[in-house]
>>> print(open('entry_14.txt').read())   # compact mmCIF, C-alpha atoms
# COMPACT_ATOMS: atom_id res chain seq x y z
CA MET A 693 48.03 6.65 20.43
CA ALA A 694 48.87 8.02 16.97
CA GLU A 695 52.60 7.93 17.80
CA ALA A 696 52.45 4.29 18.96
CA ALA A 697 50.54 3.31 15.82
CA PHE A 698 53.15 5.14 13.72
CA GLU A 699 56.03 3.29 15.40
CA HIS A 700 54.27 -0.06 14.94
CA ASP A 701 53.65 0.63 11.27
CA ALA A 702 57.23 1.87 10.75
CA VAL A 703 58.44 -1.53 11.99
CA HIS A 704 55.88 -3.19 9.71
CA VAL A 705 57.38 -1.31 6.73
CA VAL A 706 60.79 -2.87 7.38
CA HIS A 707 59.36 -6.38 7.15
CA ALA A 708 56.84 -5.79 4.34
CA THR A 709 57.63 -7.22 0.93
CA GLY A 710 56.20 -6.04 -2.38
CA HIS A 711 52.99 -4.16 -3.04
CA GLY A 712 49.67 -4.82 -1.41
CA ALA A 713 50.99 -5.55 2.10
CA GLU A 714 48.08 -4.37 4.20
CA GLY A 715 48.87 -1.39 6.43
CA ALA A 716 52.41 -0.94 5.03
CA TYR A 717 53.49 2.53 3.92
CA GLU A 718 56.69 4.54 3.63
CA ALA A 719 57.77 6.58 6.67
CA PRO A 720 55.55 9.65 6.23
CA LEU A 721 55.89 13.26 7.23
CA PHE A 722 52.43 13.39 8.72
CA GLY A 723 52.43 10.04 10.51
CA ALA A 724 49.52 8.60 8.53
CA TYR A 725 49.15 6.20 5.64
CA SER A 726 49.22 7.75 2.17
CA LYS A 727 45.52 7.05 1.37
CA LYS A 728 44.50 9.17 4.35
CA ILE A 729 46.90 12.00 3.47
CA GLY A 730 45.63 11.89 -0.11
CA MET A 731 42.03 12.20 1.05
CA TRP A 732 42.90 15.10 3.40
CA LEU A 733 44.61 16.91 0.51
CA PHE A 734 41.55 16.34 -1.68
CA LEU A 735 39.28 17.64 1.10
CA ALA A 736 41.47 20.73 1.49
CA SER A 737 41.04 21.44 -2.24
CA ASP A 738 37.30 20.74 -2.13
CA SER A 739 36.95 23.08 0.83
CA LEU A 740 38.36 25.83 -1.40
CA THR A 741 35.64 25.05 -3.97
CA PHE A 742 32.90 25.37 -1.37
CA GLY A 743 34.72 28.29 0.20
CA ALA A 744 34.55 30.15 -3.12
CA LEU A 745 30.82 29.44 -3.44
CA LEU A 746 30.20 30.53 0.16
CA PHE A 747 32.28 33.69 -0.37
CA ALA A 748 30.22 34.49 -3.47
CA PHE A 749 26.98 33.90 -1.56
CA SER A 750 28.09 36.02 1.40
CA TYR A 751 29.37 38.79 -0.89
CA ASN A 752 26.00 38.91 -2.69
CA ARG A 753 24.19 38.75 0.63
CA ILE A 754 26.02 41.76 2.01
CA TYR A 755 25.84 44.12 -0.95
CA THR A 756 22.26 43.27 -1.99
CA ASN A 757 19.95 45.36 0.13
CA PRO A 758 17.32 44.20 0.95
CA TRP A 759 18.21 40.50 0.70
CA PRO A 760 15.11 38.29 0.27
CA THR A 761 13.94 36.30 3.27
CA PRO A 762 11.49 33.79 1.78
CA PHE A 763 12.00 30.74 4.01
CA HIS A 764 8.93 30.20 6.12
CA ALA A 765 8.60 27.83 9.08
CA GLU A 766 8.05 24.75 6.85
CA SER A 767 11.32 25.33 4.96
CA ILE A 768 13.25 25.87 8.18
CA ALA A 769 11.69 22.75 9.74
CA ASN A 770 12.58 20.73 6.64
CA ALA A 771 16.16 22.06 6.63
CA THR A 772 16.48 21.29 10.37
CA ILE A 773 15.40 17.68 9.80
CA MET A 774 17.92 17.47 6.94
CA THR A 775 20.64 18.75 9.29
CA ALA A 776 19.67 16.16 11.93
CA CYS A 777 19.85 13.44 9.23
CA LEU A 778 23.38 14.47 8.24
CA LEU A 779 24.59 14.74 11.84
CA SER A 780 23.18 11.28 12.61
CA SER A 781 24.83 9.94 9.46
CA SER A 782 28.18 11.23 10.73
CA LEU A 783 27.63 9.31 13.98
CA THR A 784 26.79 6.08 12.16
CA MET A 785 29.83 6.60 9.92
CA VAL A 786 32.09 6.86 12.96
CA LEU A 787 30.53 3.69 14.37
CA ALA A 788 31.21 1.96 11.04
CA VAL A 789 34.88 2.98 11.25
CA LEU A 790 35.10 1.63 14.83
CA ALA A 791 33.50 -1.65 13.72
CA SER A 792 35.93 -2.00 10.81
CA GLN A 793 38.89 -1.33 13.11
CA ARG A 794 37.85 -4.21 15.37
CA GLY A 795 37.32 -6.48 12.32
CA ASP A 796 33.53 -6.76 12.66
CA ARG A 797 32.48 -6.96 8.98
CA PRO A 798 28.70 -7.43 9.51
CA TRP A 799 28.42 -4.38 11.77
CA THR A 800 30.69 -2.34 9.50
CA ARG A 801 28.22 -3.06 6.71
CA ASN A 802 25.22 -2.32 8.95
CA TRP A 803 26.53 1.05 10.08
CA LEU A 804 27.55 1.96 6.52
CA LEU A 805 24.02 1.07 5.39
CA ALA A 806 22.57 3.27 8.16
CA THR A 807 24.80 6.12 6.95
CA MET A 808 23.52 5.59 3.40
CA VAL A 809 19.91 5.65 4.61
CA PHE A 810 20.41 8.98 6.37
CA GLY A 811 22.24 10.38 3.34
CA THR A 812 19.46 9.26 1.00
CA ALA A 813 16.85 10.78 3.32
CA PHE A 814 18.75 14.06 3.09
CA ILE A 815 18.78 13.94 -0.71
CA VAL A 816 15.07 13.07 -0.95
CA LEU A 817 14.05 15.86 1.47
CA HIS A 818 16.26 18.34 -0.34
CA GLY A 819 14.87 17.29 -3.72
CA MET A 820 11.31 17.69 -2.47
CA GLU A 821 12.12 21.15 -1.17
CA TRP A 822 13.70 22.16 -4.46
CA SER A 823 10.62 20.98 -6.38
CA LYS A 824 8.35 22.94 -4.03
CA LEU A 825 10.39 26.16 -4.31
CA ILE A 826 10.61 25.88 -8.11
CA GLY A 827 6.88 25.19 -8.36
CA GLU A 828 6.21 28.36 -6.34
CA GLY A 829 8.31 30.46 -8.71
CA LEU A 830 11.94 30.41 -7.51
CA SER A 831 13.96 29.79 -10.64
CA ILE A 832 16.96 30.69 -12.81
CA PRO A 833 15.17 31.26 -16.16
CA GLY A 834 17.70 30.05 -18.77
CA PHE A 835 18.81 27.12 -16.66
CA MET A 836 15.28 25.87 -16.04
CA THR A 837 14.55 26.00 -19.79
CA LEU A 838 17.70 23.97 -20.41
CA LEU A 839 16.51 21.30 -17.95
CA GLY A 840 13.02 21.27 -19.45
CA VAL A 841 11.38 22.25 -16.18
CA ALA A 842 7.67 23.03 -16.38
CA LYS A 843 7.15 26.80 -16.31
CA PRO A 844 7.11 27.88 -12.66
CA ALA A 845 4.52 30.22 -11.16
CA ALA A 846 4.66 33.68 -12.71
CA THR A 847 3.33 35.49 -9.66
CA GLY A 848 3.95 35.24 -5.96
CA GLU A 849 6.72 36.04 -3.54
CA LEU A 850 9.28 33.63 -5.00
CA ALA A 851 8.52 34.65 -8.61
CA ASP A 852 9.08 38.30 -7.64
CA ILE A 853 12.39 37.39 -6.00
CA SER A 854 13.52 35.52 -9.15
CA LYS A 855 12.71 38.60 -11.25
CA ASN A 856 14.05 41.34 -8.97
CA VAL A 857 16.91 39.67 -7.08
CA PRO A 858 18.25 36.95 -9.42
CA GLN A 859 21.36 36.60 -7.23
CA PHE A 860 19.22 34.84 -4.62
CA PRO A 861 18.13 31.81 -6.70
CA GLN A 862 21.52 31.71 -8.43
CA ALA A 863 23.41 31.55 -5.12
CA PHE A 864 20.88 29.26 -3.46
CA PHE A 865 20.67 26.69 -6.27
CA GLY A 866 24.41 26.90 -7.01
CA LEU A 867 25.43 26.17 -3.44
CA THR A 868 22.83 23.52 -2.67
CA ALA A 869 23.24 21.76 -6.04
CA MET A 870 26.98 21.42 -5.50
CA HIS A 871 26.38 20.06 -2.01
CA MET A 872 23.64 17.67 -3.14
CA LEU A 873 25.98 16.32 -5.83
CA HIS A 874 28.65 15.68 -3.18
CA VAL A 875 26.14 13.87 -0.95
CA THR A 876 25.02 11.71 -3.88
CA ILE A 877 28.61 10.81 -4.75
CA GLY A 878 29.17 10.05 -1.05
CA VAL A 879 26.23 7.64 -0.90
CA ILE A 880 27.52 5.80 -4.00
CA TYR A 881 31.03 5.71 -2.45
CA LEU A 882 29.59 4.25 0.78
CA GLY A 883 27.62 1.67 -1.20
CA VAL A 884 30.72 0.53 -3.06
CA VAL A 885 32.77 0.23 0.15
CA ALA A 886 29.97 -1.59 2.01
CA PHE A 887 28.68 -3.94 -0.68
CA ARG A 888 31.27 -3.86 -3.50
CA LYS A 889 29.95 -5.38 -6.76
CA TRP A 890 26.58 -6.27 -5.17
CA PHE A 891 25.82 -2.54 -4.97
CA LEU A 892 25.97 -2.13 -8.77
CA PRO A 893 22.58 -3.73 -9.58
CA VAL A 894 20.96 -1.79 -6.72
CA LEU A 895 22.31 1.48 -8.10
CA ALA A 896 21.19 0.50 -11.59
CA VAL A 897 17.63 -0.16 -10.36
CA ILE A 898 17.51 3.20 -8.54
CA TRP A 899 18.78 5.02 -11.63
CA ILE A 900 16.26 3.36 -13.98
CA ALA A 901 13.41 3.85 -11.50
CA GLY A 902 14.33 7.52 -11.17
CA ALA A 903 14.52 8.00 -14.92
CA LEU A 904 11.08 6.39 -15.42
CA LEU A 905 9.24 7.79 -12.42
CA ILE A 906 10.46 11.40 -12.24
CA PRO A 907 8.06 13.38 -14.46
CA SER A 908 9.44 15.35 -17.39
CA GLY A 909 8.58 18.77 -15.96
CA ASN A 910 10.55 18.10 -12.77
CA VAL A 911 13.98 19.64 -12.27
CA PHE A 912 15.51 16.19 -11.55
CA HIS A 913 14.21 14.51 -14.72
CA TYR A 914 17.57 14.83 -16.51
CA PRO A 915 19.99 15.26 -13.55
CA VAL A 916 18.96 11.78 -12.27
CA HIS A 917 21.23 10.41 -15.01
CA ALA A 918 24.15 11.47 -12.82
CA LEU A 919 23.39 8.17 -11.07
CA GLY A 920 24.13 6.43 -14.39
CA ILE A 921 27.50 8.14 -14.58
CA GLY A 922 28.13 7.11 -10.95
CA LEU A 923 27.16 3.53 -11.86
CA LEU A 924 29.62 3.50 -14.75
CA ILE A 925 32.50 4.82 -12.64
CA ALA A 926 31.68 2.45 -9.74
CA ALA A 927 31.55 -0.49 -12.16
CA VAL A 928 34.97 0.38 -13.63
CA ILE A 929 36.48 0.62 -10.15
CA VAL A 930 34.83 -2.47 -8.66
CA LEU A 931 35.24 -4.77 -11.66
CA LEU A 932 38.72 -3.73 -12.79
CA LYS A 933 40.19 -3.54 -9.28
CA PRO A 934 38.28 -5.96 -7.07
CA LYS A 935 39.44 -5.91 -3.46
CA VAL A 936 38.16 -6.37 0.04
CA TYR A 937 37.97 -2.90 1.53
CA ASP A 938 39.81 -2.80 4.86
CA SER A 939 39.56 -0.45 7.84
CA HIS A 940 41.79 2.11 6.11
CA ASP A 941 39.36 2.28 3.18
CA VAL A 942 36.39 2.70 5.52
CA GLU A 943 38.21 5.42 7.45
CA VAL A 944 39.09 7.33 4.27
CA CYS A 945 35.47 7.01 3.08
CA GLY A 946 34.44 8.37 6.47
CA LEU A 947 36.66 11.43 6.04
CA TYR A 948 34.82 12.30 2.81
CA TRP A 949 31.43 11.79 4.42
CA HIS A 950 32.25 13.97 7.43
CA PHE A 951 33.46 16.70 5.06
CA VAL A 952 30.09 16.68 3.32
CA ASP A 953 28.41 17.11 6.72
CA LEU A 954 30.89 19.85 7.62
CA VAL A 955 30.02 21.92 4.55
CA TRP A 956 26.32 21.72 5.43
CA MET A 957 27.16 23.16 8.90
CA PHE A 958 27.98 26.39 7.03
CA ILE A 959 25.33 26.25 4.30
CA PHE A 960 22.42 25.71 6.71
CA PRO A 961 22.91 28.84 8.85
CA LEU A 962 24.17 31.12 6.08
CA VAL A 963 21.58 30.21 3.45
CA TYR A 964 18.51 29.16 5.44
CA LEU A 965 18.72 30.76 8.88
CA MET A 966 19.86 34.13 7.52
CA SER A 967 16.87 34.17 5.13
CA THR A 968 14.02 33.21 7.44
CA LYS A 969 10.71 34.97 7.18
CA VAL A 970 9.29 35.61 10.63
CA THR A 971 5.51 36.07 10.57
CA MET B 540 39.08 -7.32 26.29
CA HIS B 541 41.22 -4.20 26.80
CA ASP B 542 40.71 -3.20 23.15
CA ILE B 543 36.94 -3.61 23.39
CA ALA B 544 36.86 -1.42 26.52
CA LYS B 545 38.81 1.26 24.68
CA HIS B 546 36.38 1.10 21.76
CA ASP B 547 33.43 1.50 24.14
CA GLU B 548 35.03 4.64 25.63
CA ASN B 549 35.49 6.02 22.13
CA LYS B 550 31.90 5.18 21.27
CA ALA B 551 30.55 7.11 24.28
CA GLN B 552 32.65 10.12 23.30
CA PHE B 553 31.15 10.16 19.81
CA PHE B 554 27.62 10.04 21.19
CA TRP B 555 28.42 13.04 23.41
CA VAL B 556 29.79 14.95 20.40
CA TRP B 557 26.68 14.04 18.36
CA GLY B 558 24.47 15.32 21.20
CA ALA B 559 26.45 18.56 21.41
CA LEU B 560 26.09 19.06 17.64
CA LEU B 561 22.31 18.58 17.82
CA ILE B 562 22.04 21.05 20.72
CA LEU B 563 24.13 23.66 18.89
CA THR B 564 21.93 23.19 15.81
CA ALA B 565 18.80 23.70 17.94
CA ILE B 566 20.30 26.91 19.36
CA GLU B 567 21.05 28.15 15.84
CA VAL B 568 17.47 27.41 14.71
CA VAL B 569 15.95 29.22 17.70
CA LEU B 570 18.22 32.25 17.22
CA GLY B 571 17.54 32.34 13.48
CA TYR B 572 13.80 31.88 13.73
CA LYS B 573 13.27 34.28 16.64
CA GLN B 574 15.52 36.88 14.90
CA VAL B 575 17.10 37.63 18.27
CA PHE B 576 19.94 39.75 16.92
CA SER B 577 20.40 42.33 14.16
CA PRO B 578 21.45 40.79 10.80
CA VAL B 579 25.18 41.56 11.13
CA ARG B 580 25.31 40.30 14.75
CA MET B 581 23.22 37.27 13.73
CA LEU B 582 25.73 36.44 10.99
CA GLU B 583 28.63 36.69 13.46
CA VAL B 584 26.88 34.48 16.03
CA LEU B 585 25.84 31.85 13.46
CA LEU B 586 29.34 31.77 11.97
CA LEU B 587 30.83 31.34 15.44
CA LEU B 588 28.46 28.46 16.20
CA SER B 589 29.25 26.92 12.79
CA VAL B 590 32.98 27.13 13.49
CA ILE B 591 32.46 25.40 16.87
CA LYS B 592 30.42 22.63 15.20
CA SER B 593 33.06 22.26 12.49
CA ALA B 594 35.80 22.00 15.10
CA LEU B 595 33.89 19.20 16.84
CA ILE B 596 33.35 17.32 13.56
CA ILE B 597 36.95 17.79 12.37
CA GLY B 598 38.47 17.04 15.78
CA TYR B 599 36.41 14.02 16.83
CA PHE B 600 34.57 12.52 13.88
CA MET B 601 37.42 13.10 11.40
CA HIS B 602 39.87 12.15 14.17
CA LEU B 603 42.19 15.10 13.51
CA LYS B 604 42.57 15.72 17.26
CA PHE B 605 44.42 12.41 17.54
CA GLU B 606 46.62 12.82 14.47
CA ARG B 607 50.18 14.10 14.43
CA ALA B 608 50.57 17.78 15.40
CA LEU B 609 52.22 18.72 12.07
CA MET B 610 49.25 17.42 10.06
CA ARG B 611 46.84 19.16 12.39
CA TRP B 612 48.58 22.52 12.12
CA VAL B 613 49.08 22.43 8.34
CA LEU B 614 45.35 21.83 7.78
CA VAL B 615 44.11 24.26 10.45
CA ILE B 616 46.41 27.08 9.33
CA SER B 617 45.44 26.75 5.66
CA VAL B 618 41.69 26.75 6.41
CA THR B 619 42.06 29.66 8.84
CA ALA B 620 43.96 31.62 6.20
CA CYS B 621 40.96 31.21 3.86
CA PHE B 622 38.60 32.55 6.51
CA VAL B 623 40.88 35.51 7.18
CA ILE B 624 40.95 36.37 3.48
CA MET B 625 37.16 36.16 3.33
CA TYR B 626 36.52 38.25 6.41
CA PHE B 627 39.13 40.98 6.05
CA PHE B 628 39.28 41.43 2.26
CA PHE B 629 36.02 40.40 0.58
CA PHE B 630 33.44 41.55 3.12
CA PRO B 631 34.67 45.17 3.39
CA ASP B 632 34.55 45.32 -0.41
CA ALA B 633 30.94 44.07 -0.41
CA ASP B 634 30.10 46.67 2.22
CA ARG B 635 31.68 49.40 0.08
CA ILE B 636 29.38 48.56 -2.83
CA ILE B 637 26.28 49.39 -0.77
CA ASN B 638 27.57 52.95 -0.34
CA LEU B 639 28.29 53.38 -4.06
CA GLY B 640 24.54 53.60 -4.72
CA VAL B 641 24.62 50.98 -7.47
CA LYS B 642 21.13 49.63 -8.23
>>> encode(input="entry_14.txt", output="structure tokens")
Amino acid sequence: MAEAAFEHDAVHVVHATGHGAEGAYEAPLFGAYSKKIGMWLFLASDSLTFGALLFAFSYNRIYTNPWPTPFHAESIANATIMTACLLSSSLTMVLAVLASQRGDRPWTRNWLLATMVFGTAFIVLHGMEWSKLIGEGLSIPGFMTLLGVAKPAATGELADISKNVPQFPQAFFGLTAMHMLHVTIGVIYLGVVAFRKWFLPVLAVIWIAGALLIPSGNVFHYPVHALGIGLLIAAVIVLLKPKVYDSHDVEVCGLYWHFVDLVWMFIFPLVYLMSTKVT
Amino acid sequence: MHDIAKHDENKAQFFWVWGALLILTAIEVVLGYKQVFSPVRMLEVLLLLSVIKSALIIGYFMHLKFERALMRWVLVISVTACFVIMYFFFFPDADRIINLGVK
């Protein structure tokens, strides 16, 4: 099927004139249009970033004996629901790509919206879990002071872990923060592809609501402004280069989203399941 | 009509893959929570299950299974090389540190 599509598009290249001819591309080595190859190359580089973080986590995990196991049943249940959300979002993303390939714009938008809902649910659940862990004493001291987080609990299991095994919170927050940032960027990316300039006011409202409603002692009080940076970048892209996003754009967006899900397939077992506390 | 039928076949395939991913996740959770294996064996089993899940996502959801063979092999070989480096070079070094007696 890929070969037939390649032959068809090679013929299309011969007849295409000028820039902007939809689906036209130069005869490629990998048999795919350049946007897709570009995204795959980016994902390969991003996988090295996460690979380095996972190596560091695993290295710490092996040589630190004993490694803390603080995740009780509630944390594991929460992380399992988060995993189910991401897996379901991958399914809806694939359905969005199929809809865009058959030219069904309303259903493309619907499935993209469903993907965004699952992604947002993941971020909210993860944020709530972070707040709970930090409130119970799991922290990186200097970093929490920098973010203006209210002083976490000084005693308790998680406070002891922060004091005696600082590699645990450092590795945990480092890995999950990087992943959460990628999911957030992914949701904004999906919003731009699905709704174009109409997504900008929605993003602005969410950013302002977050900035006003998240209390000052919470770890997300300042990081919520990442949404403002996302809004600025999305506005530059959407307003300076307005276009109707076609099936290629939706497919490339899907590649990024599936990558984000893929990384979580490694983070969930290595970070959560290897640190469960069985009581 | 032929195209729509083809899309419906594809759709069913993706639902099967999604189901398989959820089942594999459930297996991981049960193994992790019940602490069925020793830590090292647990890590190996969970990594194996994660690799299987990743292969399903990369192959079906990211559509790499249906791309050109050259693209498939370039990506798979580069990612595999990273795993090899991790497993055979970094982990033995981490293991060595335990025996140094560093506190």
>>> atom_distance(input="entry_14.txt", atom1="CA of Val841 in chain A", atom2="CA of Asn910 in chain A")
5.4 Å
>>> closest_residue(input="entry_14.txt", among="B:Val615, B:Val568, B:Ala620, B:Leu587", to="chain A", atoms="all atoms listed in the file")
B:Val568
>>> residues_around(input="entry_14.txt", residues="Ile929 in chain A", least_positions_apart="5", cutoff="12 Å", atoms="all atoms listed in the file", output="VMD selection string")
chain A and resid 881 884 to 885 888 to 889 892 922 to 924 934 to 935
>>> closest_atom_pairs(input="entry_14.txt", of="chain B", to="chain A", cutoff="8 Å", atoms="all atoms listed in the file", output="tab-separated table")
residue	atom	partner	partner_atom	distance
B:His546	CA	A:Leu790	CA	7.1
B:Lys550	CA	A:Leu787	CA	7.2
B:Phe553	CA	A:Leu783	CA	6.9
B:Phe554	CA	A:Leu783	CA	7.2
B:Trp557	CA	A:Leu783	CA	6.5
B:Leu560	CA	A:Leu779	CA	7.4
B:Leu561	CA	A:Ala776	CA	6.9
B:Thr564	CA	A:Thr772	CA	7.9
B:Glu567	CA	A:Pro961	CA	7.3
B:Val568	CA	A:Leu965	CA	6.8
B:Gly571	CA	A:Leu965	CA	5.0
B:Tyr572	CA	A:Thr968	CA	6.4
B:Lys573	CA	A:Val970	CA	7.3
B:Gln574	CA	A:Val970	CA	7.7
B:Pro578	CA	A:Met966	CA	7.6
B:Met581	CA	A:Met966	CA	7.7
B:Leu582	CA	A:Met966	CA	7.2
B:Leu585	CA	A:Pro961	CA	6.2
B:Leu586	CA	A:Phe958	CA	7.4
B:Ser589	CA	A:Met957	CA	5.8
B:Lys592	CA	A:Met957	CA	7.1
B:Ser593	CA	A:Leu954	CA	5.9
B:Ile596	CA	A:Leu954	CA	6.9
B:Ile597	CA	A:His950	CA	7.8
B:Phe600	CA	A:Val786	CA	6.2
B:Met601	CA	A:Leu947	CA	5.7
B:Phe605	CA	A:Ala694	CA	6.3
B:Glu606	CA	A:Ala694	CA	5.9
B:Arg607	CA	A:Gly723	CA	6.1
B:Leu609	CA	A:Phe722	CA	6.3
B:Met610	CA	A:Phe722	CA	5.3
B:Leu614	CA	A:Ala736	CA	7.5
B:Val618	CA	A:Ala736	CA	7.8
B:Cys621	CA	A:Gly743	CA	7.8
B:Met625	CA	A:Phe747	CA	6.6
B:Phe629	CA	A:Tyr751	CA	7.0
B:Phe630	CA	A:Tyr751	CA	6.3
B:Ala633	CA	A:Tyr755	CA	5.1
B:Asp634	CA	A:Tyr755	CA	5.9
B:Arg635	CA	A:Tyr755	CA	7.9
B:Ile636	CA	A:Tyr755	CA	6.0
B:Ile637	CA	A:Tyr755	CA	5.3
>>> residues_around(input="entry_14.txt", residues="His871 in chain A", least_positions_apart="3", cutoff="8 Å", atoms="only C-alpha atoms", output="PyMOL selection string")
chain A and resi 867-868+874-875+952+955-956
>>> residues_around(input="entry_14.txt", residues="range 855-865 of chain A", least_positions_apart="4", cutoff="8 Å", atoms="only C-alpha atoms", output="PyMOL selection string")
chain A and resi 745+748-749+752+759-760+830-832+851+869+963
